[in-house]
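Novice: What follows is protein16.cif; its format and atoms are mmCIF, C-alpha atoms and all ligand atoms.
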```cif
data_start
loop_
_atom_site.label_atom_id
_atom_site.label_comp_id
_atom_site.auth_asym_id
_atom_site.auth_seq_id
_atom_site.Cartn_x
_atom_site.Cartn_y
_atom_site.Cartn_z
CA GLU A 63 33.99 66.61 36.13
CA ALA A 64 33.49 63.19 37.71
CA LYS A 65 31.77 64.84 40.67
CA GLY A 66 29.35 66.65 38.40
CA ALA A 67 28.54 63.44 36.57
CA GLY A 68 27.96 61.75 39.93
CA ARG A 69 25.46 64.39 40.94
CA GLY A 70 23.70 63.97 37.63
CA VAL A 71 23.43 60.26 38.20
CA ALA A 72 22.12 60.80 41.73
CA LYS A 73 19.51 63.21 40.43
CA TYR A 74 18.55 60.79 37.68
CA PHE A 75 18.15 57.98 40.19
CA SER A 76 16.10 60.06 42.58
CA SER A 77 13.63 61.15 39.91
CA GLU A 78 13.49 57.57 38.69
CA LEU A 79 12.77 56.43 42.23
CA GLN A 80 10.15 59.15 42.62
CA SER A 81 8.24 58.03 39.55
CA GLU A 82 8.54 54.42 40.63
CA GLN A 83 7.02 55.44 43.93
CA ASP A 84 4.20 57.37 42.25
CA ASP A 85 3.50 54.36 40.11
CA ARG A 86 3.38 52.15 43.14
CA VAL A 87 0.98 54.49 44.95
CA ARG A 88 -1.28 54.50 41.90
CA LEU A 89 -1.20 50.72 41.61
CA GLU A 90 -2.07 50.44 45.28
CA SER A 91 -5.18 52.59 44.95
CA ASP A 92 -6.09 50.82 41.69
CA LEU A 93 -5.80 47.54 43.56
CA ARG A 94 -8.28 48.72 46.17
CA ALA A 95 -10.69 49.59 43.39
CA ALA A 96 -10.02 46.22 41.74
CA VAL A 97 -11.06 44.38 44.89
CA ALA A 98 -14.27 46.42 45.09
CA SER A 99 -15.19 46.04 41.42
CA LYS A 100 -14.04 42.45 40.87
CA GLN A 101 -11.37 42.91 38.22
CA PHE A 102 -9.84 39.50 38.95
CA HIS A 103 -10.31 36.14 37.30
CA LEU A 104 -8.71 32.75 37.62
CA LEU A 105 -7.00 30.75 34.91
CA TYR A 106 -6.60 26.99 35.28
CA GLN A 107 -3.42 25.18 34.26
CA PRO A 108 -3.70 21.40 33.77
CA LEU A 109 -1.65 18.88 35.74
CA VAL A 110 -1.21 15.41 34.27
CA SER A 111 0.00 12.13 35.65
CA ALA A 112 3.55 11.31 34.51
CA LYS A 113 2.64 7.65 34.17
CA ASP A 114 -0.16 7.93 31.59
CA GLN A 115 -0.45 11.65 30.87
CA LYS A 116 -4.04 11.69 32.17
CA LEU A 117 -5.52 14.89 33.55
CA VAL A 118 -5.43 14.87 37.37
CA GLY A 119 -6.22 18.48 38.22
CA PHE A 120 -5.49 22.16 37.72
CA GLU A 121 -3.60 24.97 39.39
CA ALA A 122 -5.69 28.13 39.72
CA LEU A 123 -3.67 31.23 38.78
CA ILE A 124 -5.01 34.72 39.43
CA ARG A 125 -5.12 37.46 36.80
CA TRP A 126 -5.85 41.15 37.25
CA GLN A 127 -7.45 42.80 34.25
CA HIS A 128 -6.60 46.44 34.87
CA PRO A 129 -9.08 48.85 33.22
CA THR A 130 -6.35 50.83 31.39
CA ARG A 131 -3.05 48.95 31.79
CA GLY A 132 -4.29 45.58 30.64
CA LEU A 133 -3.33 42.33 32.30
CA ILE A 134 -1.10 42.71 35.36
CA PRO A 135 0.77 39.53 36.33
CA PRO A 136 0.56 38.20 39.91
CA PRO A 137 4.27 38.69 40.74
CA VAL A 138 3.65 42.44 40.24
CA PHE A 139 0.47 42.91 42.29
CA ILE A 140 0.57 40.13 44.92
CA PRO A 141 3.49 41.75 46.82
CA ILE A 142 1.61 45.08 46.79
CA ALA A 143 -1.56 43.37 48.03
CA GLU A 144 0.48 41.78 50.81
CA GLU A 145 1.97 45.08 51.90
CA CYS A 146 -1.20 47.16 51.81
CA GLY A 147 -3.37 44.67 53.63
CA LEU A 148 -5.52 43.51 50.70
CA MET A 149 -4.19 39.96 50.47
CA MET A 150 -6.72 38.36 52.82
CA GLN A 151 -9.62 39.73 50.78
CA ILE A 152 -8.11 38.77 47.44
CA GLY A 153 -7.08 35.39 48.78
CA GLU A 154 -10.55 34.71 50.12
CA TRP A 155 -12.00 35.48 46.70
CA VAL A 156 -9.52 33.02 45.11
CA ILE A 157 -10.42 30.26 47.59
CA THR A 158 -14.15 30.84 47.09
CA GLU A 159 -13.85 30.84 43.31
CA ALA A 160 -11.74 27.66 43.34
CA CYS A 161 -14.29 25.86 45.56
CA ARG A 162 -17.12 26.95 43.28
CA THR A 163 -15.21 25.61 40.29
CA ILE A 164 -14.32 22.27 41.81
CA SER A 165 -17.94 21.74 42.87
CA GLN A 166 -18.71 21.59 39.13
CA TRP A 167 -16.03 19.05 38.24
CA PRO A 168 -16.03 15.30 38.91
CA GLU A 169 -13.62 13.38 41.12
CA PRO A 170 -10.73 12.79 41.15
CA ILE A 171 -9.99 16.21 39.58
CA THR A 172 -8.50 18.65 42.10
CA VAL A 173 -7.82 22.39 42.06
CA ALA A 174 -4.71 23.88 43.65
CA VAL A 175 -4.72 27.41 45.05
CA ASN A 176 -1.67 29.53 45.87
CA ILE A 177 -1.60 30.93 49.38
CA SER A 178 0.66 33.89 50.14
CA PRO A 179 2.95 34.05 53.20
CA LYS A 180 0.71 36.68 54.85
CA GLN A 181 -2.39 34.54 54.35
CA ILE A 182 -0.93 31.39 55.81
CA CYS A 183 -0.16 33.04 59.15
CA MET A 184 -3.67 34.49 59.60
CA PRO A 185 -5.48 32.52 62.32
CA ALA A 186 -8.79 32.89 60.38
CA LEU A 187 -7.57 30.96 57.31
CA PRO A 188 -8.68 27.42 58.26
CA ASN A 189 -12.20 28.69 59.05
CA ILE A 190 -12.40 30.57 55.77
CA VAL A 191 -11.41 27.43 53.90
CA SER A 192 -13.83 25.19 55.78
CA GLN A 193 -16.70 27.66 55.23
CA CYS A 194 -15.99 27.76 51.48
CA LEU A 195 -15.89 23.97 51.33
CA ALA A 196 -19.21 23.76 53.20
CA ARG A 197 -20.83 26.44 51.04
CA TYR A 198 -20.12 24.49 47.83
CA LYS A 199 -20.45 21.08 49.48
CA VAL A 200 -17.00 19.87 48.46
CA PRO A 201 -14.79 17.58 50.54
CA GLY A 202 -11.44 19.01 51.60
CA ASN A 203 -9.48 16.58 49.49
CA ARG A 204 -10.74 18.23 46.28
CA ILE A 205 -8.56 21.27 46.88
CA GLU A 206 -4.88 21.75 47.50
CA LEU A 207 -3.11 24.78 48.92
CA GLU A 208 0.34 25.74 47.65
CA VAL A 209 2.73 27.58 49.94
CA THR A 210 6.38 28.49 49.43
CA GLU A 211 9.25 27.83 51.80
CA GLY A 212 9.17 31.52 52.73
CA VAL A 213 6.17 30.91 55.01
CA PHE A 214 8.53 29.47 57.60
CA LEU A 215 10.33 32.79 57.98
CA GLY A 216 7.30 34.32 59.70
CA ASN A 217 5.26 33.30 62.71
CA ASN A 218 5.89 29.59 62.85
CA THR A 219 3.40 28.66 65.53
CA VAL A 220 0.31 30.07 63.75
CA THR A 221 1.57 28.85 60.36
CA LEU A 222 2.19 25.33 61.53
CA ASP A 223 -1.07 25.28 63.45
CA ASN A 224 -2.95 26.46 60.35
CA LEU A 225 -1.29 23.84 58.16
CA LYS A 226 -2.26 21.11 60.62
CA ARG A 227 -5.86 22.33 60.85
CA LEU A 228 -6.10 22.44 57.06
CA ARG A 229 -4.76 18.88 56.83
CA GLN A 230 -7.47 17.84 59.30
CA LEU A 231 -10.02 19.19 56.81
CA GLY A 232 -8.52 16.81 54.26
CA VAL A 233 -6.97 19.67 52.28
CA GLY A 234 -3.69 18.85 50.53
CA ILE A 235 -0.70 21.09 51.18
CA ALA A 236 2.00 21.44 48.55
CA LEU A 237 5.37 23.07 49.00
CA ASP A 238 5.71 25.25 45.89
CA ASP A 239 8.87 26.34 44.04
CA PHE A 240 10.82 23.80 46.06
CA GLY A 241 14.56 24.29 45.82
CA THR A 242 14.54 28.02 45.13
CA GLY A 243 13.95 29.25 48.66
CA TYR A 244 15.58 28.63 52.00
CA SER A 245 15.49 24.87 51.56
CA SER A 246 15.80 24.14 55.20
CA ILE A 247 14.40 20.65 55.16
CA GLY A 248 13.70 20.54 58.89
CA TYR A 249 10.08 21.53 58.37
CA LEU A 250 9.41 18.55 56.06
CA ASN A 251 9.55 16.58 59.26
CA LYS A 252 6.32 18.18 60.50
CA ALA A 253 4.21 15.87 58.34
CA VAL A 254 1.98 18.63 56.99
CA PHE A 255 2.97 18.49 53.33
CA HIS A 256 1.61 15.96 50.91
CA LYS A 257 3.47 17.24 47.85
CA LEU A 258 6.66 18.94 46.69
CA LYS A 259 6.57 21.04 43.53
CA ILE A 260 9.95 21.32 41.83
CA ASP A 261 10.48 24.82 40.49
CA GLY A 262 10.33 25.21 36.71
CA SER A 263 13.80 26.75 36.57
CA PHE A 264 15.38 23.44 37.69
CA VAL A 265 13.23 21.47 35.30
CA ARG A 266 14.10 23.55 32.26
CA GLU A 267 17.82 23.72 33.05
CA ALA A 268 18.06 20.00 33.72
CA GLY A 269 18.77 19.43 30.02
CA THR A 270 21.89 21.54 30.06
CA ARG A 271 23.05 21.39 33.67
CA GLU A 272 24.00 18.02 35.07
CA GLU A 273 23.88 19.30 38.67
CA ASN A 274 20.17 20.06 38.24
CA VAL A 275 19.51 16.40 37.50
CA ALA A 276 21.26 15.55 40.77
CA ILE A 277 19.17 18.13 42.64
CA ILE A 278 15.93 16.76 41.19
CA GLN A 279 17.00 13.21 41.99
CA SER A 280 17.54 14.11 45.61
CA ILE A 281 14.26 16.05 45.82
CA VAL A 282 12.42 12.96 44.51
CA GLN A 283 14.20 10.74 47.04
CA LEU A 284 13.45 13.14 49.85
CA ALA A 285 9.78 13.26 48.86
CA LYS A 286 9.50 9.47 48.69
CA SER A 287 11.05 9.02 52.10
CA PHE A 288 8.44 11.40 53.57
CA ARG A 289 5.65 9.76 51.51
CA MET A 290 5.02 12.91 49.53
CA ASN A 291 4.16 13.25 45.85
CA VAL A 292 6.35 15.23 43.50
CA THR A 293 5.20 17.60 40.75
CA ALA A 294 7.53 19.11 38.15
CA GLU A 295 6.52 22.62 37.05
CA GLY A 296 7.54 24.36 33.85
CA VAL A 297 7.68 21.28 31.63
CA GLU A 298 7.84 22.79 28.15
CA THR A 299 9.25 20.09 25.88
CA ALA A 300 8.88 16.35 25.32
CA GLU A 301 12.50 16.00 26.55
CA ASP A 302 11.66 17.81 29.80
CA PHE A 303 8.68 15.49 30.25
CA GLU A 304 10.61 12.26 29.62
CA ARG A 305 13.45 13.34 31.87
CA MET A 306 11.07 14.16 34.75
CA ARG A 307 9.10 10.95 34.32
CA ASP A 308 12.27 8.88 34.29
CA LEU A 309 13.52 10.65 37.43
CA GLY A 310 10.39 9.45 39.25
CA VAL A 311 8.27 12.60 39.27
CA ASP A 312 4.54 11.79 39.76
CA THR A 313 2.80 14.78 38.21
CA ILE A 314 3.66 17.14 35.38
CA GLN A 315 2.67 20.77 34.83
CA GLY A 316 3.82 23.06 32.06
CA TYR A 317 3.20 24.54 28.64
CA LEU A 318 3.74 21.13 26.99
CA PHE A 319 0.43 19.88 28.42
CA GLY A 320 -1.31 23.22 28.61
CA ARG A 321 -1.03 26.91 29.34
CA PRO A 322 -3.18 28.45 32.05
CA LEU A 323 -6.70 28.30 30.54
CA ALA A 324 -9.90 30.28 30.96
CA PHE A 325 -12.58 28.37 32.91
CA ASP A 326 -14.52 27.39 29.77
CA ARG A 327 -11.46 25.82 28.13
CA ALA A 328 -10.51 23.96 31.30
CA ASP A 329 -14.13 22.83 31.63
CA GLN A 330 -14.04 21.44 28.07
CA MET A 331 -10.91 19.49 28.98
CA VAL A 332 -12.66 17.98 32.00
CA ARG A 333 -15.78 17.09 29.96
CA GLY A 334 -13.54 15.51 27.32
CA MET A 335 -11.91 13.34 29.98
CA VAL A 336 -15.29 12.24 31.31
CA ARG A 337 -16.49 11.29 27.78
CA GLN A 338 -13.28 9.35 27.16
CA LYS A 339 -13.84 7.37 30.35
CA ALA A 340 -17.45 6.58 29.45
CA SER A 341 -16.61 5.24 25.98
P1 LIG A 401 3.59 29.44 40.80
O1 LIG A 401 2.58 29.09 41.82
O2 LIG A 401 4.91 28.77 40.88
O3 LIG A 401 2.87 29.19 39.40
C1 LIG A 401 3.54 28.73 38.26
C2 LIG A 401 3.84 29.86 37.31
O4 LIG A 401 4.59 29.34 36.21
C3 LIG A 401 2.60 30.51 36.69
O5 LIG A 401 2.90 31.86 36.44
C4 LIG A 401 2.47 29.75 35.37
O6 LIG A 401 1.74 30.46 34.40
C5 LIG A 401 3.93 29.60 34.99
N1 LIG A 401 4.15 28.44 34.12
C6 LIG A 401 3.44 27.30 34.06
N2 LIG A 401 3.96 26.43 33.15
C7 LIG A 401 5.03 27.04 32.63
C8 LIG A 401 6.00 26.64 31.62
O7 LIG A 401 5.95 25.56 31.04
N3 LIG A 401 6.98 27.55 31.34
C9 LIG A 401 7.05 28.77 31.95
N4 LIG A 401 8.03 29.60 31.59
N5 LIG A 401 6.16 29.18 32.91
C10 LIG A 401 5.17 28.31 33.23
P2 LIG A 401 1.88 33.03 36.85
O8 LIG A 401 0.47 32.61 36.55
O9 LIG A 401 2.37 34.31 36.26
O10 LIG A 401 2.02 33.11 38.41
C11 LIG A 401 3.23 33.49 38.99
C12 LIG A 401 3.20 33.31 40.48
O11 LIG A 401 2.24 34.19 41.09
C13 LIG A 401 2.77 31.90 40.92
O12 LIG A 401 3.87 31.04 40.81
C14 LIG A 401 2.32 32.18 42.33
O13 LIG A 401 3.42 32.23 43.20
C15 LIG A 401 1.73 33.56 42.23
N6 LIG A 401 0.26 33.45 42.13
C16 LIG A 401 -0.52 33.15 41.07
N7 LIG A 401 -1.84 33.13 41.40
C17 LIG A 401 -1.88 33.41 42.72
C18 LIG A 401 -2.96 33.54 43.68
O14 LIG A 401 -4.15 33.33 43.40
N8 LIG A 401 -2.60 33.83 44.98
C19 LIG A 401 -1.29 34.02 45.34
N9 LIG A 401 -1.04 34.31 46.61
N10 LIG A 401 -0.28 33.91 44.48
C20 LIG A 401 -0.56 33.61 43.18
MG MG A 402 1.84 27.48 42.62
MG MG A 403 5.56 27.08 41.56
MG MG A 404 6.90 29.92 40.67
#
```
Here is a file; write its structure as structure tokens.
Specialist:
Amino acid sequence: EAKGAGRGVAKYFSSELQSEQDDRVRLESDLRAAVASKQFHLLYQPLVSAKDQKLVGFEALIRWQHPTRGLIPPPVFIPIAEECGLMMQIGEWVITEACRTISQWPEPITVAVNISPKQICMPALPNIVSQCLARYKVPGNRIELEVTEGVFLGNNTVTLDNLKRLRQLGVGIALDDFGTGYSSIGYLNKAVFHKLKIDGSFVREAGTREENVAIIQSIVQLAKSFRMNVTAEGVETAEDFERMRDLGVDTIQGYLFGRPLAFDRADQMVRGMVRQKAS
């Protein structure tokens, strides 16, 4: 009886796995088509200064508008793009688009771009970035690249070399989702990062979990001692904001100050800031 049930379960799992695999194969070929026919766009989420809540920049977040399945979120398709060799192409499009956008916005607004682990260890990356900057005539310090701690699991020599070359272009490098990964802090010593971004999960749980406050406190201290800035992601409530500000966080990002916005909406925000300054 139990044996029979076991076989049933095994069969169920294998057909489940099969359809998952079919789905994956379909998504992969759809992704190839998406690259060719430009089904991607960027949204821009505002970052504000904790001190005065003024707009300081945006994080560019990719979206894939699938022709039949609707919007596919990046955590679903980025890993597929990485595995099937499409990430460099998609990533180059993101960098180009972000440079084009920032060329239209005044200083000191910046745009941050996420860079995947596969991208950061490609020797061509610094050249791609410097060519995009040159094409839109923007200085390197107008863009920021965000990498996660996972990049240090791969080829460290190319990665570190790339990060250094990017810094020489004036490009800012942020360590994203800090605290959720391997959190070996040895690499902070390499002086390539200008910013730590505290993962939203810590920020949102800080209200209910005392140990998260302690973690954030030590991240802020660590950042200060390496002369890095600190951003808190995932700030959703006024309480989250006040807590992060009081803990010494420099920059705030989250639904409280704005969801990821289409270019036109983000552009309106920038124009509004410029008008405010002029008056
Ligand atoms: P991330 O870089 O940590 O980006 C922050 C994510 O948190 C975004 O999700 C954003 O929409 C979401 N978020 C922002 N504020 C809040 C908040 O207050 N509450 C909550 N619950 N969530 C908030 P999104 O856009 O789905 O992106 C997910 C991840 O996909 C990103 O995490 C990043 O790792 C990756 N990603 C996005 N765009 C790109 C890209 O162009 N290239 C690469 N390689 N990865 C990307
Ligand atoms: Mg990010
Ligand atoms: Mg993040
Ligand atoms: Mg994240």
Novice: At a cut-off of 12 Å from (-1.4, 41.7, 48.0) in the coordinates of the file, what residues are picked up using all atoms listed in the file, written as a ChimeraX atom specification?
Specialist: /A:89-91,93-94,96-97,124,126,136-154,177-181
Novice: Have a look at atom CA of Phe214 of chain A and atom CA of Cys183 of chain A and let me know their distance in Å, one decimal.
Specialist: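 That distance, rounded to one decimal, is 9.5 Å.
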Novice: Would you mind listing what lies within 9 Å of Glu211 of chain A as a ChimeraX atom specification, with all atoms listed in the file counted and same-chain residues fewer than 2 positions away left out?
Specialist: /A:179,209,213-215,237-246
Novice: Which chains and residue numbers are within 9 Å of ligand MG 404 (chain A), counting all atoms listed in the file, if I want them as a ChimeraX atom specification?
Specialist: /A:210,238-239,261-263,295-296
Novice: With all atoms listed in the file as the basis for distance, which of A:Pro185, A:Gly248, A:Gly334, A:Pro322 is at the shortest distance from ligand MG 402 (chain A)?
Specialist: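 Nearest candidate to ligand MG 402 (chain A) out of A:Pro185, A:Gly248, A:Gly334, A:Pro322: A:Pro322.
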Novice: State, in Å with one decimal place, the distance from atom CA of Arg266 of chain A to atom N3 of ligand LIG 401 (chain A).
Specialist: 8.2 Å
Novice: Could you name the residues that touch segment 108-112 of chain A at 7 Å or less, counting all atoms listed in the file, but leaving out those on the same chain fewer than 2 positions away, as a tab-separated table (two decimals) with C-alpha atoms, in the frame of the given file?
Specialist:
```tsv
chain	number	residue	atom	x	y	z
A	106	TYR	CA	-6.60	26.99	35.28
A	114	ASP	CA	-0.16	7.93	31.59
A	115	GLN	CA	-0.45	11.65	30.87
A	116	LYS	CA	-4.04	11.69	32.17
A	117	LEU	CA	-5.52	14.89	33.55
A	118	VAL	CA	-5.43	14.87	37.37
A	119	GLY	CA	-6.22	18.48	38.22
A	120	PHE	CA	-5.49	22.16	37.72
A	121	GLU	CA	-3.60	24.97	39.39
A	307	ARG	CA	9.10	10.95	34.32
A	311	VAL	CA	8.27	12.60	39.27
A	312	ASP	CA	4.54	11.79	39.76
A	313	THR	CA	2.80	14.78	38.21
A	314	ILE	CA	3.66	17.14	35.38
A	315	GLN	CA	2.67	20.77	34.83
A	319	PHE	CA	0.43	19.88	28.42
A	320	GLY	CA	-1.31	23.22	28.61
```
Novice: Choose the residue, out of A:Gln283, A:Val175, A:Ala268, A:Asn251, that has the smallest atom-to-atom separation from ligand MG 402 (chain A); count only C-alpha atoms and all ligand atoms.
Specialist: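 With only C-alpha atoms and all ligand atoms as the atom set, the closest residue is A:Val175.
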Novice: In file coordinates, which residues lie within 12 Å of (10.7, 13.3, 49.1) using only C-alpha atoms, given as JSON, numbers by chain?
Specialist: {"A": [236, 237, 240, 247, 250, 251, 253, 255, 256, 257, 258, 259, 260, 277, 278, 279, 280, 281, 282, 283, 284, 285, 286, 287, 288, 289, 290, 291, 292, 293, 310, 311, 312]}
Novice: Go ahead and dump the residues you just picked, C-alpha atoms, as a short mmCIF file (atom, residue, chain, number, x, y, z; two decimals), in the coordinates of the input.
Specialist:
```
data_model
loop_
_atom_site.label_atom_id
_atom_site.label_comp_id
_atom_site.auth_asym_id
_atom_site.auth_seq_id
_atom_site.Cartn_x
_atom_site.Cartn_y
_atom_site.Cartn_z
CA ALA A 236 2.00 21.44 48.55
CA LEU A 237 5.37 23.07 49.00
CA PHE A 240 10.82 23.80 46.06
CA ILE A 247 14.40 20.65 55.16
CA LEU A 250 9.41 18.55 56.06
CA ASN A 251 9.55 16.58 59.26
CA ALA A 253 4.21 15.87 58.34
CA PHE A 255 2.97 18.49 53.33
CA HIS A 256 1.61 15.96 50.91
CA LYS A 257 3.47 17.24 47.85
CA LEU A 258 6.66 18.94 46.69
CA LYS A 259 6.57 21.04 43.53
CA ILE A 260 9.95 21.32 41.83
CA ILE A 277 19.17 18.13 42.64
CA ILE A 278 15.93 16.76 41.19
CA GLN A 279 17.00 13.21 41.99
CA SER A 280 17.54 14.11 45.61
CA ILE A 281 14.26 16.05 45.82
CA VAL A 282 12.42 12.96 44.51
CA GLN A 283 14.20 10.74 47.04
CA LEU A 284 13.45 13.14 49.85
CA ALA A 285 9.78 13.26 48.86
CA LYS A 286 9.50 9.47 48.69
CA SER A 287 11.05 9.02 52.10
CA PHE A 288 8.44 11.40 53.57
CA ARG A 289 5.65 9.76 51.51
CA MET A 290 5.02 12.91 49.53
CA ASN A 291 4.16 13.25 45.85
CA VAL A 292 6.35 15.23 43.50
CA THR A 293 5.20 17.60 40.75
CA GLY A 310 10.39 9.45 39.25
CA VAL A 311 8.27 12.60 39.27
CA ASP A 312 4.54 11.79 39.76
#
```
Novice: To one decimal in Å, tell me the separation between atom CA of Val254 of chain A and atom CA of Asn176 of chain A.
Specialist: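 Atom-to-atom, atom CA of Val254 of chain A to atom CA of Asn176 of chain A, that is 16.0 Å.
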